[in-house]
Structures are given as C-alpha cells and as structure tokens.
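Undergrad: The structure is given below, and queries will be raised subsequently.
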Amino acid sequence: MSFSLHSPFVSIGHFHCHNHQNHISPPSTTTTTTTLASPPYLFQQRRETRSVLTLSSESMEICGVDSEGKEFNSVQEMWREEIGEEGDETRKTQWYRDGVSYWEGVEASVDGVLGGYGHVNDADIIGSEVFLKTLLQERLVNVGPNQHLVALDCGSGIGRITKNLLIRYFNEVDLLEPVAQFLDAARENLASAGSKTHKATNFFCVPLQEFTPAAGRYDVIWVQWCIGHLTDNDFVSFFNCAKGCLKPGGFFVVKENLAKKGFVLDKEDHSITRSDPYFKQLFRQCGLHLYRTKDQKGLPQELFAVKMYALTVDTPPKIHRTRSKTTSNRPQIIK
Ligand SMILES: C[S@@+](CC[C@H](N)C(=O)[O-])C[C@H]1O[C@@H](n2cnc3c(N)ncnc32)[C@H](O)[C@@H]1O
C-alpha cells in the first residue's frame, strides 16, 4: 500500500455535503432472530442460516465522499453504485473479491498490513492493551486463575494483534483472515509465540461475511481495521450471528478508523471508513450495547482518527435511584 491519499489509513480533507438532511435518524426498531448453524465452522451455510436484516433507506441519510473526490448524498447512493441494487449478488461478490485482491497484492508484513505505517504498531498495541485490561477486569470479574479464555482475531492479517497482544491474555486465539498468504504468515509468526497454555489454535481462511463462528466459544471477539470491507447489511448480519458465539460476559472490541463526517469510500481497497455516528447507528441495528469507548492516541496527524468500541450483548442493569427515607418526605429548603 502506498502513502498516497488512497491509502486506507490516510485521512482525506473535508468535503462539502449537498444533503441538507445529513443526520442519523432514531434507531430502527427492527429486531431479528438469528439462527446459528449448530456445528461449528459451517462457513458455507452462513448465508442460509443467518437472517438478513435490511436497513431501511430512511435510516441512513448520511452523505460521504470517495477517495477520488466524488460526493454521495447518501449511503444508499454509494452502495447502489458499488454493489448494485439489493439482491445483486454478482456485484456484491465482485466488491468482496476486489477487496481481497487488493490485500493479495500487499506484502505479508507489519508494514504491509498497516499501509506503510508499520511504525504505529507499538502505539496501537499499547492503546489496545490498556483498553483490553480495563475491560477484562470489569467484565470477567468471576474469572478464576484457572479459567480458560478464548479470543477471535477477525481480519487478522499476519497475526500482528494476536502475536503482540491477544496471545498474552488468552489461552487460545483463533484467527480469521481471507487472504491465504497473510494467514500463512500468521501461522509462521505465531509458531514460536505463546506457550503450551497460550496459543493460536484455529486459522480460518474465510471472509467475515461468510463466517459462522462456534457458538459460545469466545470471551472476546476482536475486530480491527477490517470491518470497513463489509457492506452495512453484512456488518449487521455478522454481529447478529457472532453474538451467539460469545460466552456470558464476553464482548466485542471494534477498533477502526473514523471519518470526520459521513463516510469515505476507498476505491483502491474497496472499503469504507465510517464516522462515529454511522458506527453507532449500525451497532444499534445489531442490538449491541455500547459498553465503553476510547480514542487511540499517539498516531500521526495525517491518519484518520482511531476509536475503540467495546460492545456487549447485555445491557448493564439500570440503577434505580430512590430518594433516601431521611430526605424524601420532609420539608426542605428550595435551593
Ligand atoms: C488493514 S489490514 C489489518 C490487519 C489486522 N487486523 C491488523 O490490524 O494488523 C486489513 C485486513 O482485512 C482483511 N480483509 C479484507 N477483506 C476482508 C473481509 N471481507 N473479511 C475479513 N477480513 C478482510 C485483509 O485481508 C487484511 O488482512
């Protein structure tokens, strides 16, 4: 990947949006029931077993721009142009193929998967570790010393995150990556990493939109710098399915580039960079609870801002504040 403006990591300037209705409408009330394929790893069956959630056209009035400067008045307009009308499986398949082809032409190295910004690896890992540690302490409180923790590294590339972070905290890490040469490199990179009790277990050569993870296997599903390859419908569909793969108390971490506004379509690697409100809208459509967020610090100025989202399936119990008996039913001074 180059340092050009087309690099998936490089932010492009402001764009003027003609759509005066550039807002996000209230969360959709659509709910879906997802049936999981019971035997694990039935990748090919995912499309049939997973319910399809269609985003209503009104719910996504977000405008954006592509890496060649073209403006779109809505995400619908952009998706129509990129993947055709809904149900046009040929165009959609081509979108995914083009995305994978892009990465097949990239060197299987840290610098390669980070678009020439290999030097941000340390800052990225440190930021992730601080975030992950807090979450593990808060969420997995009942975990004893002998608890067996398992993570899934989505769009793992060459196993950079697993090797530098996940393998130290989880007893098993599974990697999912559609580019075979990256997954081969990950296997090699991880061969000497970890230990008997902390190891990379499964290497799935499959894209996210076709993956059906094993039910109830994971404490953490880590999704970093890859979800931009998924269309909105497949994004929602993936999380809906993956919810069932979390253990009780488990959570997702999504760490992604943020567009300042709306979205930025990358014509080179066939991905989109979404804005924070766009992500939040999709998370709501997935029925996920936004448990905690954190901005990644210390990245070069020319790059997109990066945010970490921790998402849970459960909502934390509401604290009902009742006024104490001593103060509620007696005269009080009006302040
Ligand atoms: C910018 S690299 C990030 C790799 C890794 N997450 C990291 O941070 O080191 C993007 C990765 O997404 C993968 N990818 C592309 N299309 C994908 C898809 N449809 N599903 C899952 N991963 C995909 C690419 O092959 C590539 O490994």
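The chains in the structure tokens are called A, B, ... from first to last as shown; in each chain the residues are counted from 1, and the ligands are counted from 1 in the order shown.
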Determine which residues of range 104-178 of chain A receive a DSSP assignment of strand (DSSP E or B), computed from the backbone, and state them as a ChimeraX atom specification.
TA: /A:150-154,172-176
Undergrad: Ligand 1: which residues are within 7 Å, counting only C-alpha atoms and all ligand atoms? Reply as a ChimeraX atom specification.
TA: /A:96,99-100,103,110,113-115,154-161,176-179,182,207-209,223-227,229-230
Undergrad: Output N, CA and C atoms for every residue in the selection just made, as an mmCIF file, in the first residue's frame.
TA:
data_model
loop_
_atom_site.group_PDB
_atom_site.id
_atom_site.type_symbol
_atom_site.label_atom_id
_atom_site.label_comp_id
_atom_site.auth_asym_id
_atom_site.auth_seq_id
_atom_site.Cartn_x
_atom_site.Cartn_y
_atom_site.Cartn_z
ATOM 1 N N TYR A 96 -16.420 -7.793 -2.801
ATOM 2 C CA TYR A 96 -15.601 -8.543 -1.843
ATOM 3 C C TYR A 96 -14.333 -9.094 -2.502
ATOM 4 N N GLY A 99 -11.791 -6.393 -2.839
ATOM 5 C CA GLY A 99 -11.170 -6.088 -1.554
ATOM 6 C C GLY A 99 -10.060 -7.081 -1.243
ATOM 7 N N VAL A 100 -10.353 -8.349 -1.412
ATOM 8 C CA VAL A 100 -9.364 -9.388 -1.122
ATOM 9 C C VAL A 100 -8.193 -9.288 -2.115
ATOM 10 N N TRP A 103 -5.594 -6.824 -1.057
ATOM 11 C CA TRP A 103 -4.690 -7.286 0.006
ATOM 12 C C TRP A 103 -3.773 -8.405 -0.465
ATOM 13 N N VAL A 110 4.216 -6.405 8.788
ATOM 14 C CA VAL A 110 3.523 -5.406 9.620
ATOM 15 C C VAL A 110 3.337 -4.125 8.816
ATOM 16 N N VAL A 113 0.425 -4.674 6.211
ATOM 17 C CA VAL A 113 -0.971 -4.629 6.698
ATOM 18 C C VAL A 113 -1.321 -3.272 7.310
ATOM 19 N N LEU A 114 -0.283 -2.489 7.641
ATOM 20 C CA LEU A 114 -0.574 -1.156 8.189
ATOM 21 C C LEU A 114 -0.376 -0.071 7.130
ATOM 22 N N GLY A 115 -0.453 -0.441 5.883
ATOM 23 C CA GLY A 115 -0.449 0.538 4.787
ATOM 24 C C GLY A 115 0.781 1.412 4.773
ATOM 25 N N CYS A 154 -10.402 -11.084 14.210
ATOM 26 C CA CYS A 154 -11.066 -11.010 12.893
ATOM 27 C C CYS A 154 -10.261 -10.160 11.910
ATOM 28 N N GLY A 155 -10.164 -10.627 10.682
ATOM 29 C CA GLY A 155 -9.375 -9.907 9.671
ATOM 30 C C GLY A 155 -7.963 -9.751 10.195
ATOM 31 N N SER A 156 -7.426 -10.873 10.670
ATOM 32 C CA SER A 156 -6.188 -10.864 11.470
ATOM 33 C C SER A 156 -4.945 -10.476 10.694
ATOM 34 N N GLY A 157 -5.025 -10.482 9.362
ATOM 35 C CA GLY A 157 -3.816 -10.218 8.580
ATOM 36 C C GLY A 157 -2.759 -11.246 8.932
ATOM 37 N N ILE A 158 -1.561 -10.758 9.241
ATOM 38 C CA ILE A 158 -0.420 -11.648 9.510
ATOM 39 C C ILE A 158 -0.328 -12.035 10.989
ATOM 40 N N GLY A 159 -1.371 -11.745 11.744
ATOM 41 C CA GLY A 159 -1.396 -12.136 13.167
ATOM 42 C C GLY A 159 -0.723 -11.114 14.062
ATOM 43 N N ARG A 160 -0.625 -9.880 13.595
ATOM 44 C CA ARG A 160 0.057 -8.812 14.353
ATOM 45 C C ARG A 160 -0.563 -8.616 15.742
ATOM 46 N N ILE A 161 -1.888 -8.534 15.811
ATOM 47 C CA ILE A 161 -2.553 -8.254 17.097
ATOM 48 C C ILE A 161 -2.492 -9.480 18.010
ATOM 49 N N LEU A 176 -9.040 -15.299 11.918
ATOM 50 C CA LEU A 176 -9.858 -15.343 10.701
ATOM 51 C C LEU A 176 -9.284 -14.340 9.721
ATOM 52 N N GLU A 177 -8.984 -14.812 8.513
ATOM 53 C CA GLU A 177 -8.368 -13.928 7.518
ATOM 54 C C GLU A 177 -8.609 -14.528 6.127
ATOM 55 N N PRO A 178 -9.174 -13.728 5.181
ATOM 56 C CA PRO A 178 -9.480 -14.301 3.868
ATOM 57 C C PRO A 178 -8.282 -14.416 2.919
ATOM 58 N N VAL A 179 -7.185 -13.705 3.222
ATOM 59 C CA VAL A 179 -6.031 -13.748 2.306
ATOM 60 C C VAL A 179 -5.064 -14.840 2.773
ATOM 61 N N PHE A 182 -1.502 -14.100 3.948
ATOM 62 C CA PHE A 182 -1.428 -13.452 5.270
ATOM 63 C C PHE A 182 -1.585 -14.506 6.370
ATOM 64 N N PRO A 207 -13.677 -15.006 4.664
ATOM 65 C CA PRO A 207 -14.025 -13.607 4.978
ATOM 66 C C PRO A 207 -15.108 -13.532 6.047
ATOM 67 N N LEU A 208 -15.169 -12.395 6.722
ATOM 68 C CA LEU A 208 -16.137 -12.207 7.813
ATOM 69 C C LEU A 208 -17.568 -12.473 7.385
ATOM 70 N N GLN A 209 -17.912 -12.015 6.176
ATOM 71 C CA GLN A 209 -19.314 -12.133 5.730
ATOM 72 C C GLN A 209 -19.731 -13.578 5.460
ATOM 73 N N VAL A 223 -12.205 -7.071 16.458
ATOM 74 C CA VAL A 223 -12.419 -6.716 15.045
ATOM 75 C C VAL A 223 -11.682 -5.406 14.774
ATOM 76 N N GLN A 224 -10.529 -5.486 14.143
ATOM 77 C CA GLN A 224 -9.744 -4.250 13.951
ATOM 78 C C GLN A 224 -9.325 -4.063 12.506
ATOM 79 N N TRP A 225 -9.609 -2.874 12.006
ATOM 80 C CA TRP A 225 -9.178 -2.457 10.673
ATOM 81 C C TRP A 225 -9.564 -3.459 9.584
ATOM 82 N N CYS A 226 -10.765 -3.974 9.663
ATOM 83 C CA CYS A 226 -11.232 -4.870 8.597
ATOM 84 C C CYS A 226 -12.734 -4.754 8.346
ATOM 85 N N ILE A 227 -13.495 -4.203 9.295
ATOM 86 C CA ILE A 227 -14.958 -4.205 9.152
ATOM 87 C C ILE A 227 -15.412 -3.246 8.034
ATOM 88 N N HIS A 229 -14.581 -3.402 5.164
ATOM 89 C CA HIS A 229 -14.768 -4.171 3.936
ATOM 90 C C HIS A 229 -16.201 -4.695 3.813
ATOM 91 N N LEU A 230 -16.925 -4.680 4.914
ATOM 92 C CA LEU A 230 -18.283 -5.252 4.878
ATOM 93 C C LEU A 230 -19.340 -4.206 4.528
#
Undergrad: So that I can see what lies close to Val65 in chain A, please list as a list in words the residues with an atom at most 7 Å from it, counting only C-alpha atoms and leaving out residues fewer than 5 positions away in the same chain.
TA: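 Contacts, in chain order: Phe15, Lys70, Glu71, Phe72, Phe263, Val264 and Leu265 of chain A.
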Undergrad: Please determine, counting only C-alpha atoms, which residue among A:Arg168, A:Lys92, A:Lys243, A:Arg217 has the shortest atom-to-atom distance to His270 in chain A.
TA: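 Comparing A:Arg168, A:Lys92, A:Lys243, A:Arg217 against His270 in chain A, the winner is A:Lys92.
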Undergrad: Here is a test: counting only C-alpha atoms, which residue of A:Val313, A:Cys286, A:Asn171, A:Phe235 is nearest to Ile272 in chain A?
TA: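 Closest to Ile272 in chain A of all the choices is A:Phe235.
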Undergrad: Neighbouring residues of Pro300 in chain A were defined as those with any atom within 10 Å, considering only C-alpha atoms; residues of the same chain fewer than 5 positions away were excluded. Please report them as a ChimeraX atom specification.
TA: /A:10,117,119-120,305
Undergrad: Store the residues of this selection in a file with N, CA, C and O atoms, as a PDB file, in the first residue's frame.
TA:
ATOM      1  N   VAL A  10      -4.873   6.897   5.427  1.00  0.00           N
ATOM      2  CA  VAL A  10      -4.669   8.338   5.370  1.00  0.00           C
ATOM      3  C   VAL A  10      -5.997   9.054   5.247  1.00  0.00           C
ATOM      4  O   VAL A  10      -6.831   8.738   4.399  1.00  0.00           O
ATOM      5  N   TYR A 117       2.541   2.115   7.387  1.00  0.00           N
ATOM      6  CA  TYR A 117       2.679   2.782   8.693  1.00  0.00           C
ATOM      7  C   TYR A 117       3.038   1.777   9.792  1.00  0.00           C
ATOM      8  O   TYR A 117       2.489   1.815  10.883  1.00  0.00           O
ATOM      9  N   HIS A 119       5.319   1.707  11.731  1.00  0.00           N
ATOM     10  CA  HIS A 119       5.827   2.329  12.960  1.00  0.00           C
ATOM     11  C   HIS A 119       4.710   2.698  13.941  1.00  0.00           C
ATOM     12  O   HIS A 119       5.000   3.080  15.064  1.00  0.00           O
ATOM     13  N   VAL A 120       3.446   2.592  13.544  1.00  0.00           N
ATOM     14  CA  VAL A 120       2.371   2.879  14.521  1.00  0.00           C
ATOM     15  C   VAL A 120       1.998   1.628  15.333  1.00  0.00           C
ATOM     16  O   VAL A 120       1.171   1.689  16.231  1.00  0.00           O
ATOM     17  N   ALA A 305      -8.606   9.508  12.554  1.00  0.00           N
ATOM     18  CA  ALA A 305      -8.722   9.253  13.997  1.00  0.00           C
ATOM     19  C   ALA A 305      -9.118   7.786  14.164  1.00  0.00           C
ATOM     20  O   ALA A 305      -9.777   7.216  13.297  1.00  0.00           O
TER      21      ALA A 305
END
Undergrad: Quick one: of A:Arg274, A:Arg292, A:Val306, A:Asp232, who's nearest to Glu256 in chain A, counting only C-alpha atoms?
TA: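 Closest residue, counting only C-alpha atoms: A:Val306.
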Undergrad: Mind pulling up the distance from CA of Ser271 in chain A to CA of Arg91 in chain A?
TA: 14.4 Å
Undergrad: So, counting only C-alpha atoms, which residue among A:Gln181, A:Ser237, A:Ser128, A:Thr90 is closest to Lys307 in chain A?
TA: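 Residue with the minimum atom-to-atom distance to Lys307 in chain A: A:Ser128.
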Undergrad: May I ask which of the residues A:Glu77, A:Glu107, A:Asp98, A:Ile83 is the closest one to Glu268 in chain A, counting only C-alpha atoms?
TA: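 Closest residue, counting only C-alpha atoms: A:Asp98.
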Undergrad: Excluding Phe279 in chain A and residues on its chain fewer than 4 positions from it, collect all residues at most 10 Å away from it, counting only C-alpha atoms, and give them as a list in words.
TA: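 Here the qualifying residues turn out to be Asp232, Val254, Glu256, Leu258, Gly262, Thr273, Arg274, Ser275, Phe283, Arg284, Gln285 and Tyr309 of chain A.
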